[in-house]
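Report on the following structure.
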Amino acid sequence: MTTGTPSAGVGGALAAVQRTFASPTLALLHKASAPFVVAVFETVFVPGRGAVGADAMHLEVAQLLADLRSAGVEGVPGEAARVLCSRWVRERWLIRDVDDATGEQYRLTSSAQEALEFVRRAGGARALVSESRIRTLLDAVERAAHDANPDREARVAALDQQIARLTAERDRLAHGGEVPATSSERMEEQVDHVLMLVRELPSDFARVAESIKALQRSIIGQLRADERPTGEVLEEYLTASENLMENTPEGRAFLGAMELLGDPELVASLDAHLATVLRHPFAQHVDRAQRAAFRSIRSQVVEALEVVQTEQARATRTLTAQVRQRDPLRDRELDHAIRDAVNALTAWFPVAGRGARVEPLTWLGRTRLGRLRTTLHDLRPEAPPAALAQAVPDDLPATDLAEIRAMGGPQTGLLAEHVSVLTSDGTPVSVADAFARGDAVLRRPVELLGYYELAADDLGADTGATDDDDGSDAVERVTAVRADGSTRDFLVPRILLAAPTDPADGGIS
């Protein structure tokens with residue numbers, strides 16, 4: 001049997017895999033401390049919080065370390081929070097930059113975001129293969145085939161089929177056809193797929209921002225090298241920026257997102273579609289955090305876009321300041337002086353002993369420090385302030401806890417229990433009906449705000465009116481009882497309340 005070297009195909013594949021495993025994403029997941037790092041990133045960088053101030057980051061990481069150590073968790077690093085954050089910056093899991101408004105802050109790199117997304121998907125409760133993902137795949141292939149087909153008649157035939165199918169469905173519904181009900185399981189699976197797509201956007205856009213930062217550093221390095229004219233270097237920067245946006249998948253995604261969000265009708269339809277999904281009965285079993293993440297899809301996309309726009313603006317300001325303040329002659333003189341000083345120190349250190357004197361380079365300019373202060377102003381006052389007078393407390397009227405609570409805000413907990421009892425049979429109840437059927441302590445005017453707060457959390461609530469209503473039932477009258485026993489009537493919108501859901505119940509993951 002003969003042996004030989006691995007084939008070129010296997011060698012190339014091995015080299016590619018080795019480069020992949022050397023990336024910061026897999027380096028993070030390969031670390032023994034990966035569970036701790038991923039848990040910290042998940043806790044600090046929650047949805048809607050793409051950047052965290054440096055001081056706040058250090059305090060939060062220090063608190064997490066203290067909590068884990070007090071709980072006896074093994075494998076918790078012994079370093080300080082500031083040291084850990086600096087190490088994560090060096091390992092390219094965090095980006096530390098300076099914002100013009102908030103100062104120094106931390107952001108997750110695209111590699112760290114990819115690692116977090118991998119952990120979420122690997123630990124998901126549902127399988128990755130689902131009807132929603134397959135349908136997305138088929139729709140994408142159909143659109144690609146439609147765009148790639150140059151046959152005019154084939155395109156017209158495809159559009160005719162689509163129009164006929166939609167027209168038939170419209171006619172069926174217009175003539176009283178049954179509206180198919182979508183199961184809660186299918187809605188949960190589709191919402192989970194939407195949230196997965198949204199979670200992938202920040203890492204894509206962060207990769208664009210990192211590419212812009214790397215390009216800015218390269219251009220500044222070329223300007224400082226002074227090997228080519230400034231105009232030629234800036235022209236290269238503009239060309240590279242344009243190519244970055246048009247020739248990379250992340251750049252094209254950024255331009256496409258900017259174009260889509262520039263359409264007011266499309267943004268308005270997105271908000272309407274999100275509200276429609278959240279009115280489905282399945283949403284009553286979704287916890288508050290997941291509902292907030294689904295509601296904030298548009299803001300998450302906008303925030304991811306702002307990261308790229310902020311990096312573009314910062315790169316432009318940095319290059320502008322570099323061009324305006326750059327003095328090639330002064331830079332060359334400084335480089336020459338530093339080089340001579342380094343060469344002189346290199347020759348002097350091996351032969352010099354302790355306490356040896358060195359002749360200064362006299363052609364370097366002397367620093368003019370001016371006069372230094374030798375004393376400081378005494379901050380203590382010349383005379384102490386007058387002693388405070390002993391104030392005699394006034395006689396306050398006697399009050400008890402019940403009177404104080406009667407003057408307070410809505411009792412949301414008691415209201416939620418009251419609504420749960422009224423809707424225990426599955427029948428929704430209106431705000432006015434629930435208010436009228438409550439005890440006297442639950443019929444204060446302020447309790448109306450509590451009921452409508454519950455209605456805002458109830459994603460399935462509506463006015464209860466039908467297409468045949470004339471609008472007279474859209475408003476109901478309630479009689480409220482003040483703490484002093486007086487009454488007042490209010491006209492309130494008719495809103496139906498369903499049974500409040502427990503945020504601790506399981507929802508979509």
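FYI, nothing fancy with the structure tokens labels: chains A, B, ... in order, residues from 1 per chain, ligands from 1 as they appear.
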Next item on the list: Write out as JSON, numbers by chain all residues of segment 313-447 of chain A that DSSP puts in alpha helix (DSSP H) for this structure's backbone.
Entry: {"A": [313, 314, 315, 316, 317, 318, 319, 320, 321, 322, 323, 324, 325, 328, 329, 330, 331, 332, 333, 334, 335, 336, 337, 338, 339, 340, 341, 342, 343, 344, 345, 346, 347, 348, 401, 402, 403, 404, 405, 406, 412, 413, 414, 415, 416, 417, 418, 419, 420, 421, 422, 431, 432, 433, 434, 435, 436, 447]}
Note to self: Excluding segment 412-422 of chain A and its own-chain neighbours fewer than 5 positions away, which residues fall within 12 Å of it when counting only C-alpha atoms? Please give them as a PyMOL selection string.
What the structure shows: chain A and resi 427-439+441-444+446-455+457-458+496-502
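The two atoms in question, atom CA of Leu26 of chain A and atom CA of Gly50 of chain A, are spaced 21.6 Å apart.
For the atom pair formed by atom CA of Ile220 of chain A and atom CA of Thr318 of chain A, the distance is 8.7 Å, given to one decimal.
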Check: Hey, can you check how far atom CA of Val89 of chain A sits from atom CA of Thr239 of chain A?
Finding: 29.5 Å
Note to self: Which residue is closest to Ala315 of chain A? Choose from A:Trp348, A:Phe282, A:Tyr237, A:Trp88 and count only C-alpha atoms.
What the structure shows: A:Tyr237
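Around Arg87 of chain A, within 12 Å and counting only C-alpha atoms, the residues found are Leu28, Val37, Pro77, Glu79, Ala80, Ala81, Arg82, Arg92, Trp93, Leu94, Ile95 and Arg96 of chain A, once anything fewer than 5 positions away on its own chain is removed.
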Notebook entry, point to check: Which residues, written as a VMD selection string, have at least one atom at most 9 Å from segment 194-211 of chain A, with only C-alpha atoms counted and residues fewer than 6 positions away on the same chain left out?
Noted result: chain A and resid 47 50 108 to 114 117 121 244 to 245 248 to 251 253 to 254 293 to 294 297 300 to 301 303 to 305 307 to 312
Using C-alpha atoms, can you write the selected residues to a file as a compact mmCIF listing (two decimals), in the first residue's frame?
```txt
# COMPACT_ATOMS: atom_id res chain seq x y z
CA PRO A 47 -32.71 44.16 22.71
CA GLY A 50 -26.87 48.24 21.34
CA LEU A 108 -20.69 44.08 20.59
CA THR A 109 -18.68 43.20 17.52
CA SER A 110 -20.27 41.30 14.67
CA SER A 111 -18.33 38.20 15.76
CA ALA A 112 -19.78 38.36 19.28
CA GLN A 113 -23.29 38.87 17.91
CA GLU A 114 -22.87 35.84 15.64
CA GLU A 117 -27.11 34.04 17.77
CA ARG A 121 -30.42 28.83 17.86
CA LEU A 244 -17.86 48.48 0.35
CA MET A 245 -21.54 49.32 0.12
CA THR A 248 -20.38 43.19 -0.17
CA PRO A 249 -23.53 41.38 1.04
CA GLU A 250 -23.59 43.41 4.25
CA GLY A 251 -23.25 46.70 2.37
CA ALA A 253 -28.24 44.81 2.89
CA PHE A 254 -27.57 48.20 4.49
CA ALA A 293 -39.16 42.48 21.34
CA PHE A 294 -41.77 41.85 18.63
CA ILE A 297 -38.80 45.28 15.46
CA GLN A 300 -34.25 47.45 16.35
CA VAL A 301 -33.72 47.79 12.60
CA GLU A 303 -30.87 51.19 15.74
CA ALA A 304 -28.78 48.76 13.67
CA LEU A 305 -28.77 51.24 10.80
CA VAL A 307 -24.63 52.15 14.10
CA VAL A 308 -23.45 52.21 10.48
CA GLN A 309 -24.45 55.83 9.96
CA THR A 310 -22.66 56.88 13.15
CA GLU A 311 -19.50 55.09 12.06
CA GLN A 312 -19.69 56.75 8.62
```
Check: Counting only C-alpha atoms, what is within 9 Å of Met187 of chain A, bar same-chain residues fewer than 3 positions away, as a PyMOL selection string?
Finding: chain A and resi 182-184+190-192+277+280+282-283
Item checked: Polymer residues at most 10 Å from Ala27 of chain A, only C-alpha atoms, same-chain spacing of 2 or more positions, as an MDAnalysis selection string -> chainID A and resid 20:25 29:31 34 91:93 111:112 115
Note to self: Ranking A:Ala32, A:Val286, A:Ala337, A:Ala387 by minimum distance to Glu185 of chain A and counting only C-alpha atoms, which one comes first?
What the structure shows: A:Val286
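For Ala39 of chain A, the set of protein, DNA and RNA residues having any atom at most 10 Å away, when counting only C-alpha atoms and skipping those fewer than 5 positions along the same chain, is Ala34, Val44, Leu64 and Leu116 of chain A.
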Written selection (C-alpha atoms) as a PDB file, in the first residue's frame:
```pdb
ATOM      1  CA  ALA A  34     -17.554  30.909  26.901  1.00  0.00           C
ATOM      2  CA  VAL A  44     -26.020  43.505  29.411  1.00  0.00           C
ATOM      3  CA  LEU A  64     -22.738  40.089  37.857  1.00  0.00           C
ATOM      4  CA  LEU A 116     -24.777  34.851  20.646  1.00  0.00           C
TER       5      LEU A 116
END
```
